[in-house]
Every structure is written in C-alpha cells, then in structure tokens.
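A.B. asks: Sharing a structure below in structure tokens format, with a few things to ask.
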Amino acid sequence: MGRYVRFLFTTLYFVFLFHASAQISTDEERSVLKEFQDSNMPSGRFDVFFNSVNRYNTNSAYDWLDTIKIYLANAEKTNDTIASKLYRVMEAQVYNDLGEYDKSTALAKELYESKDSLDTESKKIILDVLDDNYANLQLYDKQIEIRKKKRELGITDNVSFYDIYSNLGLYTKARNQYIMEVKPTIADNDSYGLAKYHSKVGNYLRLDNSAPTALSELKKAKAYLDVYLNDISTQKSESDIFESDLLKAEIEGNIAKCHVMLGEYEEALPLLQNSIEVLKTSPKNSDQSEVVENTLYLADANLKMEHYTEAKKYLDVEFDHITVFQVIKRNSLLAAYYDKVENFRNAAIYYKRNERIKDSMSQKQSALIKQQLVTIVANEDLENSQRLIDEQKRINELARSEMKAKDERINLVFISLIFTLLGFAGLVYAYLKSIKNQRLIAEQNHIIENALIEKDSLLKEIHHRVKNNLQMVSSLLSLQTKNTRSKAAIEALEEGKSRVKAMALIHQKLYQNDDLSVIEMQGYIESLINSVQSVYKKGGHNISITIDAEGTELDIDRAIPFGLILNELVSNSFKYAFPENDENGKIYIHLRKNGDQGYFEYTDNGVGLPEDTEERTHSSMGIRLINRLVNQLQSKLNIDKQSEGVRFWFNFS
C-alpha cells in the first residue's frame, strides 16, 4: 500500500514539474524579444522583428531600442556592414514607433542614400518609414516624393493621395478619390478587402458628419469581415487573425461613434469598450490615437446618460500621446461634467483652458516646425551645417554681451524697485477689492454662457421634434397607403410621403449641425437621394448619380424648396426616364452659389419629355409644384429638351 502511495506522489510531482516547465516555455514563446535574442544570425533577427504579430507584447519599444543598439555596436566593432545596415533599419522603425519622427527620418534617409547595398525588402521598409514620418511631420511634398520613388522601384503601381487629403480635413475629396482608385481593384469574393474598403468609406463619411450614411457603410464592413473570419476554407496565419481583430475593433469603434452622434448611447457603450481593449494591443500610432478618441466618446456617452462617475473615470485616464484637438474635446467634456455636478468653479477653469487653446496650438505648431527643421538640417551637406553652427555661435556671443549689459541695468532697476514697492503697497488694497468684482463678473459671464448653450440646445430640440412630427406624418401616409386599394391614390400618397421625408431631412440635418443657420447641401442631397431610392425599391439603384454641390450652404428658407424640387425631379427620373433598363442611366446634379447669386442644373439621359409637355404643364402636379417652388425662389424654371434626356435649370438670388 505504501509503495502505491509513493508512486502516486512521484507521478503527481513529475506532472507538476512538466506543467511548470510548459508554462515557462509558453511565457518565453510569448516574448518576441527573447526569440529575437535567441536567433544566431542578423538576418534571422531581422525576420523576427518585422514578421512578428506584435513585437511589443511583453517588452516596450525602449527595451527593443536598447537591445538593437547593443547588437549594432557589436556589428560596427567587427566591421560587419551588412549586419549594421539591418540593425539600422530596425532602429529607424523603432524610432518611428516611439513617435520620434525627426530621428527616424534622419536615420532612414542616411540608409536610403546607400540603397544599392540594400535588398528589396529593406528598401521597402525604409520608404514606408519615411512615408509615415513625413505624414506625421506634415511634410506632404516630401511624402509625395517618397511615393513616387516606391512606384519607380516597382514597390507600388499607383501613387495615392486620399490619405493626405484626409489629413488636411478634405474628407469628401479623400472619399471620392479612395472610391475611384480602390474599388476597381477589389474582387467580388475578397471579403477582407471589401471590409477594409467599406470601413474606410464609412469613416470618411463619419468625419464629414454624415453619421446615418456612415453607419450603413460601417455595418457592411463588419458583415464582410464576419464572412472572412467565418470562412474555414481560407487559411489564416496568426498575423492575419491579429490584423483582422484590429480591423474589427476599428470598425466597431467607428460604429459606436456614429451611435453617439445620433444620440444612441446604450448601443455605443459596449462597442467602445471592446474596441479600446483590442486596439491597446496594437503597436501602430494610429491605433493608439483611436484609443484616445474612443475613450473620449465613451466619456461623452456616459455624460449624456448622466453616469457621472463613469464619465469622470474615463476623463481622468492619462495618455502618452494626445493631440491638441483631443485635449480641446476632453476640456469641453470636463467643463460639462463639472457643470452637471454644480462645481462651477472647476467648470470655469476648463472653459478658460479652451479659451487659451490657440496658444497651445501655436506651441504645438512651433514644436512641429522645430521637428521639420531638424529633419531638413540633418540632411544638408557638411558645409551648410558648419555655416549654421558658426552663425549660431555668433548669435550666442551677442546674446551673452546683451545679458551682461542687462545685468548692469537690473542692478539700477532693483534700487528703483525698492522705492516703487512703497507706492505699490497702496495699490494692493484696491486690487484686492477689484478681485471681488471680477469674480462677480465671471459668475455673470458663466450664467450668460450657459443661457446661450441652453438656447442652442432648445433650437436643436425644436428641429428634432419637427423632424419627428414630419416622420409621424410620413408614417400616417404609409398606414393610409396600406388601407387604400386605388392605384392612383396609392401613388399620390407615396409622392406626398416622399415630399414630407424631404422636409424632415432638412430639420434632421439642422439639429445634427453645429451651425443651425445653414445646411451643407452636398451631404443633404446624398441623403435625399438615398431616401428616394428607398421608396422606389425596384428602380434607380443602377443609375450613376453625380452630385456637384461641394462647399455650397443654404439657409432653411431656400433649402426646403430645393429639397422638394430635387425630390420631384429625381422621383420622375426613377419612375419615367428609364422605362426599359437603367444600367446606362446617368443623373447629373449641379448646385453652386457665388456671392448673392446661385445656379441650379439637373440633367438625365433618359427617354426625355413627351411631345405634349406644354399641355401637361397645367395638369401635372409635379411640374406645377416645381414651378411654384422656383417662383418662391424668385426665379423661373427653364426646360431644355435634348437628344437624350432632359435638362432643368434656373438662376436664383
């Protein structure tokens, strides 16, 4: 019996040792830096560094930098030039990951000058690093040069600029170029490619304040990604799965932001939390910026839901890298939080911080310019560098002379200051008294600011309610349609429903805008056409529609007639212009405003108007409505019959 007990304990002991050994082995495998150090050859370490799924999973970028510098020093001691260049390529990438773009750029440019001794993979990495550095330094002309070099070397077939447009805030232009360049290159069965495509388009729409349309695109992206992840016939590496998880987290984060923009906070919370947890594991600077953005949206959603403790918890999170605009948003949310908890003193502090944000932005810009100068100067020839050093020495000598003279003047001023202090003491009492008055003024200003904010909120609420009431009218018309058997009555009710939707969309755009006085017509027209297409489910979806209204804004008195006019014209095109086949159908909408004058044009290449158009003008509800709306805009409708289709146009004040 004792023998069996000893055998049992011995077996358990060895099982425990085996389990512990396996655990230690697993932990070591998780450390990419350990695998890097265990490699015998520089080329092997190079492959581990750039092929790892997440090289910063256990060790920080600073740990990697220290390790690479040790190997680099050893390679230089042994005059191993090939190994030295491989380690320098890795060093340039680590500096880029750390956000030290000036150091990364100087090192990468030095390596690229000796590109003949680099293999194709190293050249590609160096050019990618320079591309990213110039983007972050906002040296877009240099970034374009790098992309042209990529094309010359055969690394890429095309030079794209849509991301540069996005960095400049031109989201519509970025979206249009991205669609034109990328969509034709994606195969219909490429689920992952389609997921990335719709994710990018949806994000551009979100940034352009078109949340409903953006939400539709982002949901398509998520659906395509789910198809890719669930496709067991496609072999996926660990790297593929990691990148897919990051893409899914990015899509869910952007979906959540759209929900917050639309006031749907409950739907946003779990998506934002999941997105933050996944994106934290990414080594990319862009993903870490998304972590900051998602955290601020999470705080905003909790604040709107009156979960003040949760909101404050997210607002107190410290980040390594945060942009000026993210600082502005956090200050605004903190001010709103302290307003809600009636700590008006702290609220005033954060309002004042945002008042001084221009100074902060100016300092940020100065730091950026300094980085740009360091990047440029580091690549100048030795003669120019020496000249700059000599010039700086001369300036320093002059500065020292001026400082000495200032010291002498300070001594005289100090004596005068003693006498001045006696007079200054008399002013202190008056100053202390004025502080009380200033506090009173600050409180009054705070009350006025809150009143203005409340007024703005009330106006948005009014537009929101008007939109809801119009939607209720639309719903009533839908109910009436279901209870009506007359085809003519149903068509009339559907037309009325479409017109009501056009007006409701105006009020929806107004309460979603920061500026309640005008409507951006490009986004409105896009949303209106989507609404009309939903009514004519069997038609209009193959028609190519071109909208040229970028940058045009109209007030509500002009926007509503325009919306109704456009609703009638698009509906007529969908119903009558393409009776047989709409695959080659084209619609062109042009709207421009130049000072006090404007111009509107609508054309399609359909079957055109019938011969008895003039006789129908007095009997057609649509044409009569358009004429009255054009008269309301103090203009006259012009109709040109063409060989293919028809053209409507008019000028307006």
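Labels for the structure tokens follow display order: chains A, B, ..., residues from 1 in each chain, ligands from 1.
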Excluding A:Pro561 and its own-chain neighbours fewer than 6 positions away, which residues fall within 9 Å of it when counting only C-alpha atoms? Please give them as a count of residues only.
C.D. replies: 6
A.B. asks: Name the residues of stretch 55-263 of chain A that come out as alpha helix (DSSP H) in a backbone DSSP run; write them as a count of residues only.
C.D. replies: 156
A.B. asks: Quick one: residues within 12 Å of stretch 315-324 of chain A, only C-alpha atoms, excluding same-chain residues fewer than 5 positions away - as a ChimeraX atom specification?
C.D. replies: /A:97-100,136,280,285-303,308-310,329-338,353-354,356-365
A.B. asks: Once you have the residues from the selection above, write them out as a short mmCIF file (atom, residue, chain, number, x, y, z; two decimals), in the first residue's frame, restricted to N, CA and C atoms.
C.D. replies:
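Final output, selection.cif:
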data_model
loop_
_atom_site.label_atom_id
_atom_site.label_comp_id
_atom_site.auth_asym_id
_atom_site.auth_seq_id
_atom_site.Cartn_x
_atom_site.Cartn_y
_atom_site.Cartn_z
N ASP A 97 8.02 54.09 -34.27
CA ASP A 97 7.00 53.59 -33.35
C ASP A 97 6.94 54.42 -32.07
N LEU A 98 8.08 55.00 -31.67
CA LEU A 98 8.12 55.83 -30.46
C LEU A 98 7.63 57.26 -30.71
N GLY A 99 7.40 57.61 -31.99
CA GLY A 99 6.95 58.97 -32.30
C GLY A 99 8.09 59.96 -32.42
N GLU A 100 9.33 59.50 -32.43
CA GLU A 100 10.49 60.39 -32.60
C GLU A 100 10.80 60.45 -34.10
N ASN A 136 3.45 62.40 -40.48
CA ASN A 136 3.32 62.92 -39.11
C ASN A 136 3.98 64.29 -38.96
N LYS A 280 -5.61 48.63 -27.82
CA LYS A 280 -4.47 48.86 -26.91
C LYS A 280 -3.32 47.92 -27.21
N ASN A 285 0.83 53.76 -34.19
CA ASN A 285 0.49 55.06 -33.59
C ASN A 285 -0.95 55.45 -33.90
N SER A 286 -1.43 55.12 -35.11
CA SER A 286 -2.81 55.48 -35.48
C SER A 286 -3.82 54.76 -34.60
N ASP A 287 -3.54 53.51 -34.24
CA ASP A 287 -4.46 52.76 -33.38
C ASP A 287 -4.46 53.32 -31.95
N GLN A 288 -3.30 53.76 -31.47
CA GLN A 288 -3.25 54.35 -30.13
C GLN A 288 -4.01 55.68 -30.09
N SER A 289 -3.97 56.43 -31.22
CA SER A 289 -4.77 57.65 -31.29
C SER A 289 -6.26 57.33 -31.25
N GLU A 290 -6.65 56.20 -31.88
CA GLU A 290 -8.05 55.76 -31.84
C GLU A 290 -8.47 55.38 -30.42
N VAL A 291 -7.53 54.83 -29.63
CA VAL A 291 -7.84 54.51 -28.23
C VAL A 291 -8.22 55.78 -27.48
N VAL A 292 -7.46 56.86 -27.70
CA VAL A 292 -7.77 58.15 -27.05
C VAL A 292 -9.14 58.65 -27.49
N GLU A 293 -9.39 58.60 -28.82
CA GLU A 293 -10.65 59.10 -29.36
C GLU A 293 -11.84 58.30 -28.83
N ASN A 294 -11.71 56.98 -28.79
CA ASN A 294 -12.81 56.14 -28.31
C ASN A 294 -13.07 56.36 -26.83
N THR A 295 -12.00 56.59 -26.04
CA THR A 295 -12.17 56.86 -24.61
C THR A 295 -12.95 58.15 -24.39
N LEU A 296 -12.66 59.18 -25.19
CA LEU A 296 -13.39 60.45 -25.07
C LEU A 296 -14.86 60.28 -25.46
N TYR A 297 -15.12 59.50 -26.51
CA TYR A 297 -16.51 59.24 -26.89
C TYR A 297 -17.23 58.45 -25.80
N LEU A 298 -16.50 57.54 -25.14
CA LEU A 298 -17.08 56.75 -24.05
C LEU A 298 -17.46 57.67 -22.88
N ALA A 299 -16.59 58.63 -22.58
CA ALA A 299 -16.89 59.60 -21.52
C ALA A 299 -18.10 60.46 -21.91
N ASP A 300 -18.15 60.86 -23.18
CA ASP A 300 -19.26 61.71 -23.65
C ASP A 300 -20.59 60.96 -23.53
N ALA A 301 -20.60 59.68 -23.95
CA ALA A 301 -21.84 58.89 -23.88
C ALA A 301 -22.31 58.74 -22.44
N ASN A 302 -21.38 58.43 -21.52
CA ASN A 302 -21.75 58.30 -20.10
C ASN A 302 -22.25 59.62 -19.54
N LEU A 303 -21.66 60.71 -19.97
CA LEU A 303 -22.08 62.04 -19.50
C LEU A 303 -23.50 62.34 -19.97
N TYR A 308 -22.31 60.02 -14.19
CA TYR A 308 -21.23 60.99 -14.00
C TYR A 308 -19.95 60.35 -13.47
N THR A 309 -20.06 59.37 -12.59
CA THR A 309 -18.86 58.73 -12.03
C THR A 309 -18.09 58.00 -13.13
N GLU A 310 -18.81 57.27 -13.98
CA GLU A 310 -18.16 56.56 -15.08
C GLU A 310 -17.51 57.56 -16.04
N LYS A 329 -11.36 68.60 -26.77
CA LYS A 329 -12.58 67.83 -26.52
C LYS A 329 -12.64 67.39 -25.06
N ARG A 330 -11.50 66.94 -24.50
CA ARG A 330 -11.51 66.50 -23.10
C ARG A 330 -11.82 67.67 -22.18
N ASN A 331 -11.25 68.85 -22.45
CA ASN A 331 -11.55 70.03 -21.62
C ASN A 331 -13.04 70.38 -21.67
N SER A 332 -13.62 70.29 -22.86
CA SER A 332 -15.05 70.58 -23.00
C SER A 332 -15.89 69.59 -22.21
N LEU A 333 -15.52 68.31 -22.26
CA LEU A 333 -16.27 67.29 -21.52
C LEU A 333 -16.10 67.48 -20.01
N LEU A 334 -14.89 67.84 -19.57
CA LEU A 334 -14.68 68.09 -18.14
C LEU A 334 -15.50 69.29 -17.67
N ALA A 335 -15.54 70.34 -18.51
CA ALA A 335 -16.35 71.50 -18.16
C ALA A 335 -17.83 71.13 -18.05
N ALA A 336 -18.30 70.30 -19.01
CA ALA A 336 -19.70 69.87 -18.97
C ALA A 336 -19.96 69.01 -17.72
N TYR A 337 -19.00 68.15 -17.38
CA TYR A 337 -19.14 67.30 -16.18
C TYR A 337 -19.28 68.16 -14.93
N TYR A 338 -18.39 69.15 -14.76
CA TYR A 338 -18.44 69.98 -13.56
C TYR A 338 -19.70 70.86 -13.53
N ARG A 353 -9.43 77.21 -20.13
CA ARG A 353 -8.35 76.48 -20.80
C ARG A 353 -8.60 76.39 -22.30
N ASN A 354 -9.85 76.17 -22.66
CA ASN A 354 -10.15 76.12 -24.09
C ASN A 354 -10.10 77.49 -24.74
N ARG A 356 -7.79 79.53 -24.07
CA ARG A 356 -6.36 79.74 -24.32
C ARG A 356 -5.78 78.66 -25.24
N ILE A 357 -6.64 77.89 -25.88
CA ILE A 357 -6.17 76.77 -26.68
C ILE A 357 -5.38 77.23 -27.90
N LYS A 358 -5.64 78.46 -28.37
CA LYS A 358 -4.90 78.95 -29.52
C LYS A 358 -3.41 79.05 -29.21
N ASP A 359 -3.11 79.44 -27.97
CA ASP A 359 -1.70 79.50 -27.56
C ASP A 359 -1.10 78.10 -27.56
N SER A 360 -1.86 77.12 -27.05
CA SER A 360 -1.37 75.75 -27.02
C SER A 360 -1.14 75.22 -28.43
N MET A 361 -2.10 75.53 -29.33
CA MET A 361 -1.96 75.09 -30.71
C MET A 361 -0.75 75.75 -31.35
N SER A 362 -0.53 77.01 -31.00
CA SER A 362 0.62 77.72 -31.53
C SER A 362 1.93 77.07 -31.07
N GLN A 363 1.96 76.66 -29.78
CA GLN A 363 3.15 75.99 -29.26
C GLN A 363 3.35 74.65 -29.94
N LYS A 364 2.24 73.92 -30.16
CA LYS A 364 2.34 72.64 -30.84
C LYS A 364 2.90 72.84 -32.25
N GLN A 365 2.39 73.89 -32.93
CA GLN A 365 2.86 74.15 -34.28
C GLN A 365 4.34 74.50 -34.27
#
A.B. asks: Could you check the closest approach to A:Ile349 for each of A:Val428, A:Asn51, A:Leu118, A:His446 and tell me which residue wins, using only C-alpha atoms?
C.D. replies: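 Closest to A:Ile349, using only C-alpha atoms: A:His446.
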A.B. asks: Please provide the set of residues having any atom within 6 Å of stretch 515-525 of chain A, restricted to only C-alpha atoms, with same-chain residues fewer than 6 positions apart removed, written as a PyMOL selection string.
C.D. replies: chain A and resi 549-550+552-555
A.B. asks: Please, what distance in Å, to one decimal, runs between atom CA of A:Lys103 and atom CA of A:Met90?
C.D. replies: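 Distance between the two atoms: 12.8 Å.
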A.B. asks: Find the residues around stretch 566-581 of chain A up to 8 Å (only C-alpha atoms counted), leave out those fewer than 4 positions away in its own chain, and share them as a list in words.
C.D. replies: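 Selected residues are Ser498, Arg499, Ala502, Leu528, Ile529, Val532, Tyr536, Gly539, Gly540, Phe562, Gly585, Tyr602, Asp604, Asn605, Gly606, Val607, Gly608, Gly622, Ile626 and Gly645 of chain A.
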A.B. asks: Could you pull the residues within 12 Å of A:Gln634, counting only C-alpha atoms, minus those fewer than 2 positions along the same chain, as an NGL selection string?
C.D. replies: :A and (558 or 561 or 597-598 or 627-632 or 636-637 or 650-653)
A.B. asks: Please produce a file of those selected residues containing all heavy atoms, as a short mmCIF file (atom, residue, chain, number, x, y, z; two decimals), in the first residue's frame.
C.D. replies:
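File produced: again_23.cif:
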data_model
loop_
_atom_site.label_atom_id
_atom_site.label_comp_id
_atom_site.auth_asym_id
_atom_site.auth_seq_id
_atom_site.Cartn_x
_atom_site.Cartn_y
_atom_site.Cartn_z
N ARG A 558 -34.33 78.53 -48.26
CA ARG A 558 -34.01 78.10 -49.62
C ARG A 558 -33.81 76.59 -49.70
O ARG A 558 -34.07 75.97 -50.72
CB ARG A 558 -32.74 78.81 -50.12
CG ARG A 558 -32.97 80.28 -50.41
CD ARG A 558 -31.65 81.00 -50.70
NE ARG A 558 -31.88 82.39 -51.06
CZ ARG A 558 -32.17 83.36 -50.21
NH1 ARG A 558 -32.27 83.08 -48.92
NH2 ARG A 558 -32.37 84.60 -50.63
N PRO A 561 -37.36 74.52 -50.36
CA PRO A 561 -37.79 74.47 -51.77
C PRO A 561 -36.86 73.63 -52.64
O PRO A 561 -37.30 72.86 -53.48
CB PRO A 561 -37.78 75.94 -52.19
CG PRO A 561 -37.95 76.71 -50.93
CD PRO A 561 -37.27 75.91 -49.88
N GLN A 597 -25.63 85.37 -55.86
CA GLN A 597 -26.28 84.67 -56.96
C GLN A 597 -25.99 83.18 -56.88
O GLN A 597 -24.92 82.76 -56.41
CB GLN A 597 -25.80 85.23 -58.32
CG GLN A 597 -26.16 86.69 -58.55
CD GLN A 597 -27.67 86.91 -58.59
OE1 GLN A 597 -28.40 86.14 -59.21
NE2 GLN A 597 -28.13 87.96 -57.92
N GLY A 598 -26.95 82.38 -57.38
CA GLY A 598 -26.78 80.93 -57.38
C GLY A 598 -27.27 80.34 -58.70
O GLY A 598 -27.99 80.99 -59.47
N ASN A 627 -42.70 74.51 -60.52
CA ASN A 627 -42.80 75.92 -60.96
C ASN A 627 -43.08 76.85 -59.78
O ASN A 627 -42.51 77.93 -59.66
CB ASN A 627 -43.88 76.05 -62.03
CG ASN A 627 -43.34 75.75 -63.42
OD1 ASN A 627 -42.28 76.24 -63.79
ND2 ASN A 627 -44.05 74.93 -64.18
N ARG A 628 -43.99 76.44 -58.88
CA ARG A 628 -44.32 77.28 -57.73
C ARG A 628 -43.12 77.43 -56.79
O ARG A 628 -42.86 78.51 -56.25
CB ARG A 628 -45.51 76.69 -56.97
CG ARG A 628 -46.81 76.86 -57.72
CD ARG A 628 -48.00 76.48 -56.85
NE ARG A 628 -49.26 76.64 -57.57
CZ ARG A 628 -50.46 76.42 -57.04
NH1 ARG A 628 -50.54 76.04 -55.77
NH2 ARG A 628 -51.55 76.59 -57.74
N LEU A 629 -42.39 76.33 -56.60
CA LEU A 629 -41.21 76.38 -55.72
C LEU A 629 -40.12 77.26 -56.32
O LEU A 629 -39.44 77.99 -55.62
CB LEU A 629 -40.68 74.97 -55.46
CG LEU A 629 -41.59 74.07 -54.61
CD1 LEU A 629 -41.12 72.63 -54.67
CD2 LEU A 629 -41.63 74.56 -53.16
N VAL A 630 -39.95 77.19 -57.66
CA VAL A 630 -38.96 78.06 -58.33
C VAL A 630 -39.39 79.51 -58.22
O VAL A 630 -38.56 80.41 -57.99
CB VAL A 630 -38.77 77.62 -59.80
CG1 VAL A 630 -37.90 78.63 -60.54
CG2 VAL A 630 -38.15 76.24 -59.87
N ASN A 631 -40.71 79.78 -58.38
CA ASN A 631 -41.20 81.15 -58.19
C ASN A 631 -40.95 81.63 -56.77
O ASN A 631 -40.65 82.81 -56.53
CB ASN A 631 -42.70 81.21 -58.50
CG ASN A 631 -42.98 81.03 -59.99
OD1 ASN A 631 -42.10 81.28 -60.81
ND2 ASN A 631 -44.18 80.59 -60.34
N GLN A 632 -41.08 80.71 -55.79
CA GLN A 632 -40.80 81.07 -54.38
C GLN A 632 -39.34 81.49 -54.21
O GLN A 632 -39.03 82.32 -53.36
CB GLN A 632 -41.11 79.86 -53.49
CG GLN A 632 -40.99 80.16 -52.00
CD GLN A 632 -41.35 78.93 -51.16
OE1 GLN A 632 -42.13 78.10 -51.57
NE2 GLN A 632 -40.78 78.84 -49.98
N LYS A 636 -37.23 81.60 -62.49
CA LYS A 636 -38.09 80.98 -63.50
C LYS A 636 -37.44 79.69 -63.96
O LYS A 636 -36.24 79.65 -64.27
CB LYS A 636 -38.28 81.92 -64.68
CG LYS A 636 -39.20 81.33 -65.76
CD LYS A 636 -39.34 82.30 -66.92
CE LYS A 636 -40.23 81.69 -68.03
NZ LYS A 636 -40.36 82.58 -69.19
N LEU A 637 -38.23 78.60 -64.03
CA LEU A 637 -37.73 77.29 -64.44
C LEU A 637 -37.54 77.25 -65.95
O LEU A 637 -38.41 77.63 -66.72
CB LEU A 637 -38.70 76.19 -64.00
CG LEU A 637 -38.30 74.77 -64.38
CD1 LEU A 637 -37.05 74.35 -63.62
CD2 LEU A 637 -39.45 73.80 -64.08
N PHE A 650 -32.14 76.82 -63.55
CA PHE A 650 -32.59 78.18 -63.22
C PHE A 650 -31.53 78.86 -62.35
O PHE A 650 -30.74 78.21 -61.67
CB PHE A 650 -33.95 78.18 -62.52
CG PHE A 650 -33.98 77.43 -61.22
CD1 PHE A 650 -33.60 78.05 -60.02
CD2 PHE A 650 -34.37 76.10 -61.18
CE1 PHE A 650 -33.63 77.35 -58.83
CE2 PHE A 650 -34.40 75.40 -59.99
CZ PHE A 650 -34.03 76.03 -58.81
N ASN A 651 -31.52 80.19 -62.42
CA ASN A 651 -30.69 81.01 -61.54
C ASN A 651 -31.55 81.47 -60.36
O ASN A 651 -32.77 81.59 -60.49
CB ASN A 651 -30.12 82.22 -62.28
CG ASN A 651 -29.19 81.83 -63.41
OD1 ASN A 651 -28.22 81.13 -63.19
ND2 ASN A 651 -29.51 82.25 -64.63
N PHE A 652 -30.92 81.76 -59.24
CA PHE A 652 -31.69 82.23 -58.09
C PHE A 652 -30.87 83.23 -57.30
O PHE A 652 -29.65 83.29 -57.41
CB PHE A 652 -32.11 81.04 -57.21
CG PHE A 652 -30.98 80.29 -56.61
CD1 PHE A 652 -30.50 80.60 -55.34
CD2 PHE A 652 -30.37 79.25 -57.31
CE1 PHE A 652 -29.45 79.89 -54.79
CE2 PHE A 652 -29.32 78.54 -56.76
CZ PHE A 652 -28.86 78.87 -55.49
N SER A 653 -31.58 84.01 -56.48
CA SER A 653 -30.92 85.03 -55.66
C SER A 653 -30.51 84.44 -54.34
O SER A 653 -31.25 83.65 -53.77
CB SER A 653 -31.87 86.20 -55.43
OG SER A 653 -32.25 86.77 -56.66
#
A.B. asks: Atom CA of A:Asp128 and atom CA of A:Ile164 are how many Å apart?
C.D. replies: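 A separation of 14.8 Å between them.
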A.B. asks: Here is a test: counting only C-alpha atoms, which residue of A:Leu65, A:Leu72, A:Leu127, A:Ala187 is nearest to A:Arg151?
C.D. replies: A:Leu127
A.B. asks: Report, in Å to a single decimal, how far apart atom CA of A:Ser43 and atom CA of A:Ile82 are.
C.D. replies: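 Here the two named atoms are 9.2 Å from each other.
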A.B. asks: With only C-alpha atoms as the atoms that count, which of A:Glu408, A:Asp190, A:Leu130, A:Ile560 lies nearest to A:Ile144?
C.D. replies: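 The shortest atom-to-atom distance to A:Ile144 comes from A:Leu130.
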A.B. asks: Just want the 8 Å neighbourhood of stretch 201-212 of chain A, counted on only C-alpha atoms, with same-chain residues fewer than 4 positions away dropped. Output as a ChimeraX atom specification.
C.D. replies: /A:166,171-172,174-175,178-179,197,216-218,254,258-259,261-262,523
A.B. asks: Looking at A:Tyr314, A:Glu121, A:Asp63, A:Lys173, which one is nearest to A:Gly154, with distances taken over only C-alpha atoms?
C.D. replies: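 Checking each candidate against A:Gly154, we get A:Glu121 as the closest.
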